[in-house]
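Okay, start15.txt now, which holds compact mmCIF, N, CA, C and O atoms:
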# COMPACT_ATOMS: atom_id res chain seq x y z
N MET A 1 40.61 9.26 23.67
CA MET A 1 40.47 8.76 25.02
C MET A 1 39.83 9.80 25.93
O MET A 1 39.02 9.46 26.78
N ALA A 2 40.18 11.06 25.74
CA ALA A 2 39.62 12.11 26.59
C ALA A 2 38.10 12.17 26.46
O ALA A 2 37.39 12.26 27.46
N LYS A 3 37.60 12.10 25.24
CA LYS A 3 36.15 12.15 25.04
C LYS A 3 35.48 10.97 25.72
O LYS A 3 34.44 11.12 26.35
N ARG A 4 36.07 9.80 25.60
CA ARG A 4 35.49 8.62 26.24
C ARG A 4 35.46 8.78 27.76
O ARG A 4 34.46 8.46 28.40
N GLU A 5 36.55 9.29 28.32
CA GLU A 5 36.60 9.48 29.77
C GLU A 5 35.55 10.51 30.21
O GLU A 5 34.90 10.32 31.23
N LEU A 6 35.40 11.57 29.45
CA LEU A 6 34.39 12.58 29.79
C LEU A 6 32.99 12.02 29.64
O LEU A 6 32.09 12.35 30.41
N TYR A 7 32.80 11.18 28.64
CA TYR A 7 31.49 10.62 28.33
C TYR A 7 31.09 9.51 29.29
O TYR A 7 29.95 9.44 29.71
N MET A 8 32.04 8.65 29.63
CA MET A 8 31.71 7.42 30.35
C MET A 8 31.96 7.46 31.86
O MET A 8 31.54 6.55 32.56
N THR A 9 32.69 8.47 32.36
CA THR A 9 33.03 8.48 33.78
C THR A 9 32.62 9.78 34.43
O THR A 9 32.26 10.74 33.76
N ASN A 10 32.71 9.81 35.73
CA ASN A 10 32.48 11.04 36.47
C ASN A 10 33.78 11.61 37.01
O ASN A 10 33.77 12.40 37.94
N LYS A 11 34.91 11.18 36.44
CA LYS A 11 36.20 11.74 36.83
C LYS A 11 36.22 13.23 36.55
O LYS A 11 35.60 13.69 35.59
N THR A 12 36.95 13.96 37.37
CA THR A 12 37.08 15.39 37.12
C THR A 12 37.96 15.62 35.89
O THR A 12 38.74 14.75 35.49
N VAL A 13 37.82 16.80 35.33
CA VAL A 13 38.66 17.17 34.19
C VAL A 13 40.13 17.11 34.62
O VAL A 13 40.99 16.66 33.86
N LYS A 14 40.40 17.53 35.84
CA LYS A 14 41.76 17.49 36.35
C LYS A 14 42.31 16.06 36.40
O LYS A 14 43.45 15.81 36.02
N GLU A 15 41.50 15.11 36.86
CA GLU A 15 41.93 13.71 36.91
C GLU A 15 42.22 13.17 35.50
O GLU A 15 43.21 12.48 35.28
N ILE A 16 41.35 13.48 34.57
CA ILE A 16 41.53 13.02 33.20
C ILE A 16 42.78 13.64 32.60
O ILE A 16 43.59 12.95 31.96
N ALA A 17 42.97 14.92 32.82
CA ALA A 17 44.16 15.60 32.30
C ALA A 17 45.43 14.95 32.84
O ALA A 17 46.36 14.66 32.08
N TYR A 18 45.47 14.68 34.12
CA TYR A 18 46.63 14.06 34.74
C TYR A 18 46.89 12.67 34.16
O TYR A 18 48.02 12.32 33.86
N GLU A 19 45.84 11.88 33.98
CA GLU A 19 45.99 10.54 33.42
C GLU A 19 46.55 10.58 32.00
O GLU A 19 47.22 9.65 31.56
N LEU A 20 46.26 11.67 31.28
CA LEU A 20 46.75 11.81 29.91
C LEU A 20 48.11 12.48 29.83
O LEU A 20 48.62 12.74 28.75
N GLY A 21 48.70 12.77 30.99
CA GLY A 21 50.04 13.32 31.03
C GLY A 21 50.14 14.83 31.13
O GLY A 21 51.23 15.38 31.01
N TYR A 22 49.02 15.49 31.36
CA TYR A 22 49.03 16.94 31.53
C TYR A 22 49.15 17.26 33.01
O TYR A 22 48.35 16.81 33.81
N GLU A 23 50.17 18.04 33.37
CA GLU A 23 50.32 18.44 34.76
C GLU A 23 49.38 19.59 35.10
O GLU A 23 49.02 19.78 36.26
N ASP A 24 48.96 20.34 34.10
CA ASP A 24 48.07 21.48 34.31
C ASP A 24 46.78 21.25 33.53
O ASP A 24 46.80 21.11 32.31
N GLU A 25 45.67 21.21 34.23
CA GLU A 25 44.39 20.94 33.58
C GLU A 25 44.02 22.01 32.56
O GLU A 25 43.28 21.75 31.61
N HIS A 26 44.56 23.22 32.74
CA HIS A 26 44.24 24.30 31.81
C HIS A 26 44.86 24.06 30.43
O HIS A 26 44.24 24.38 29.41
N TYR A 27 46.05 23.48 30.40
CA TYR A 27 46.66 23.13 29.11
C TYR A 27 45.83 22.05 28.42
O TYR A 27 45.60 22.09 27.22
N PHE A 28 45.38 21.08 29.20
CA PHE A 28 44.52 20.03 28.64
C PHE A 28 43.22 20.62 28.10
O PHE A 28 42.79 20.30 27.00
N SER A 29 42.60 21.49 28.89
CA SER A 29 41.34 22.09 28.47
C SER A 29 41.51 22.88 27.18
O SER A 29 40.67 22.82 26.28
N ARG A 30 42.61 23.62 27.08
CA ARG A 30 42.88 24.40 25.87
C ARG A 30 43.07 23.46 24.68
O ARG A 30 42.53 23.70 23.60
N PHE A 31 43.83 22.37 24.86
CA PHE A 31 44.04 21.40 23.80
C PHE A 31 42.72 20.76 23.38
O PHE A 31 42.42 20.63 22.20
N PHE A 32 41.92 20.37 24.36
CA PHE A 32 40.63 19.73 24.06
C PHE A 32 39.73 20.67 23.28
O PHE A 32 39.14 20.29 22.27
N LYS A 33 39.65 21.92 23.73
CA LYS A 33 38.78 22.89 23.06
C LYS A 33 39.24 23.16 21.63
O LYS A 33 38.41 23.29 20.73
N THR A 34 40.53 23.20 21.41
CA THR A 34 41.07 23.40 20.07
C THR A 34 40.66 22.27 19.14
O THR A 34 40.33 22.50 17.97
N ASN A 35 40.63 21.06 19.66
CA ASN A 35 40.34 19.89 18.83
C ASN A 35 38.87 19.50 18.77
O ASN A 35 38.42 18.90 17.80
N ALA A 36 38.11 19.84 19.79
CA ALA A 36 36.70 19.44 19.84
C ALA A 36 35.74 20.61 19.68
O ALA A 36 34.53 20.41 19.62
N ASP A 37 36.26 21.81 19.63
CA ASP A 37 35.47 23.04 19.47
C ASP A 37 34.60 23.39 20.67
O ASP A 37 33.79 24.30 20.59
N VAL A 38 34.71 22.64 21.75
CA VAL A 38 34.03 22.97 23.00
C VAL A 38 34.94 22.60 24.16
O VAL A 38 35.81 21.74 24.02
N SER A 39 34.73 23.21 25.30
CA SER A 39 35.53 22.88 26.47
C SER A 39 35.16 21.49 26.98
O SER A 39 34.06 20.99 26.69
N PRO A 40 36.05 20.87 27.74
CA PRO A 40 35.71 19.55 28.30
C PRO A 40 34.43 19.58 29.13
O PRO A 40 33.62 18.65 29.05
N GLN A 41 34.23 20.63 29.90
CA GLN A 41 33.03 20.72 30.74
C GLN A 41 31.77 20.82 29.89
O GLN A 41 30.77 20.16 30.16
N ILE A 42 31.80 21.65 28.86
CA ILE A 42 30.64 21.79 27.98
C ILE A 42 30.38 20.47 27.25
O ILE A 42 29.24 20.04 27.10
N TYR A 43 31.45 19.80 26.82
CA TYR A 43 31.29 18.50 26.16
C TYR A 43 30.58 17.53 27.09
O TYR A 43 29.62 16.86 26.70
N ARG A 44 31.03 17.47 28.32
CA ARG A 44 30.43 16.55 29.29
C ARG A 44 28.96 16.90 29.54
O ARG A 44 28.10 16.03 29.61
N GLU A 45 28.66 18.18 29.67
CA GLU A 45 27.29 18.61 29.96
C GLU A 45 26.34 18.35 28.80
O GLU A 45 25.15 18.12 29.02
N THR A 46 26.83 18.40 27.57
CA THR A 46 25.95 18.25 26.42
C THR A 46 25.95 16.85 25.83
O THR A 46 24.98 16.45 25.20
N VAL A 47 27.02 16.10 26.03
CA VAL A 47 27.14 14.79 25.41
C VAL A 47 27.36 13.69 26.43
O VAL A 47 26.80 12.61 26.32
N GLY A 48 28.16 13.97 27.43
CA GLY A 48 28.65 12.92 28.29
C GLY A 48 27.92 12.68 29.58
O GLY A 48 26.72 12.89 29.70
N PHE A 49 28.69 12.28 30.55
CA PHE A 49 28.19 11.82 31.84
C PHE A 49 27.28 12.85 32.51
O PHE A 49 26.27 12.50 33.11
N GLY A 50 27.64 14.12 32.41
CA GLY A 50 26.84 15.17 33.04
C GLY A 50 25.41 15.18 32.52
O GLY A 50 24.47 15.48 33.25
N LYS A 51 25.22 14.89 31.24
CA LYS A 51 23.89 14.86 30.66
C LYS A 51 23.06 13.71 31.25
O LYS A 51 21.87 13.85 31.46
N MET A 52 23.72 12.61 31.52
CA MET A 52 23.03 11.45 32.08
C MET A 52 22.51 11.73 33.48
O MET A 52 21.51 11.17 33.90
N GLU A 53 23.18 12.59 34.22
CA GLU A 53 22.78 12.88 35.60
C GLU A 53 21.60 13.84 35.63
O GLU A 53 20.87 13.86 36.61
N ALA A 54 21.44 14.63 34.62
CA ALA A 54 20.39 15.67 34.61
C ALA A 54 19.01 15.09 34.52
O ALA A 54 18.76 14.00 34.16
If you took the structure in this file and wrote it as structure tokens, what would it be?
Amino acid sequence: MAKRELYMTNKTVKEIAYELGYEDEHYFSRFFKTNADVSPQIYRETVGFGKMEA
């Protein structure tokens, strides 16, 4: 779900983290990076919504 939210929306990483039950976006970012090998921001910039805006 996190990848889809990063890919399909312009929600902030903080908003996505909160929706997924993380009170601290840094814990979410660490979890995401461990599982996806890139940070949520880098994922968005290279694959997701951020790339579409460029």
Requested in this report: Go ahead and compute the interatomic distance for CA of Val47 (chain A) and atom O of Gly21 (chain A), in Å to one decimal.
Outcome: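 Rounded to one decimal, the two atoms are 24.7 Å apart.
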Query raised in the report: What gap, in Å, lies between CA of Glu45 (chain A) and CA of Glu23 (chain A)?
Result: 23.5 Å
Query - Local residues around (31.1, 12.2, 26.3), at most 7 Å away, using only C-alpha atoms, as a ChimeraX atom specification - result: /A:3-4,6-8,43-44,47-49
**Report entry** Which of chain A fall in alpha helix (DSSP H), as a PyMOL selection string
**Finding:** chain A and resi 2-8+13-19+25-36+40-46+49-53
Query raised in the report: What does the distance from atom N of Asp24 (chain A) to atom C of Pro40 (chain A) come to in Å, to one decimal?
Result: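 That distance, rounded to one decimal, is 15.4 Å.
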Report task. Give the answer as one residue: which of A:Thr46, A:Val38, A:Lys14, A:Thr9 has the shortest atom-to-atom distance to His26 (chain A), using all atoms listed in the file? Result ->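 Checking each of A:Thr46, A:Val38, A:Lys14, A:Thr9 against His26 (chain A), counting all atoms listed in the file, the winner is A:Lys14.
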Take the structure in the block and write a file for region 25-45 of chain A, C-alpha atoms, as a JSON list (two decimals), in the first residue's frame.
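What ended up in part07.json:
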[["chain", "number", "residue", "atom", "x", "y", "z"],
["A", 25, "GLU", "CA", 7.41, 9.22, 9.85],
["A", 26, "HIS", "CA", 11.05, 8.32, 10.51],
["A", 27, "TYR", "CA", 10.10, 4.82, 11.67],
["A", 28, "PHE", "CA", 8.03, 4.42, 8.53],
["A", 29, "SER", "CA", 10.87, 5.68, 6.34],
["A", 30, "ARG", "CA", 13.30, 3.27, 7.97],
["A", 31, "PHE", "CA", 10.86, 0.36, 7.48],
["A", 32, "PHE", "CA", 10.24, 1.33, 3.86],
["A", 33, "LYS", "CA", 13.94, 1.64, 3.08],
["A", 34, "THR", "CA", 14.65, -1.75, 4.66],
["A", 35, "ASN", "CA", 12.03, -3.40, 2.46],
["A", 36, "ALA", "CA", 12.35, -1.41, -0.77],
["A", 37, "ASP", "CA", 16.09, -0.63, -0.67],
["A", 38, "VAL", "CA", 15.39, 3.09, -1.21],
["A", 39, "SER", "CA", 13.84, 5.81, 0.90],
["A", 40, "PRO", "CA", 10.21, 6.76, 0.29],
["A", 41, "GLN", "CA", 11.30, 10.10, -1.17],
["A", 42, "ILE", "CA", 13.78, 8.52, -3.58],
["A", 43, "TYR", "CA", 11.14, 5.94, -4.57],
["A", 44, "ARG", "CA", 8.68, 8.72, -5.34],
["A", 45, "GLU", "CA", 11.24, 10.74, -7.30]]
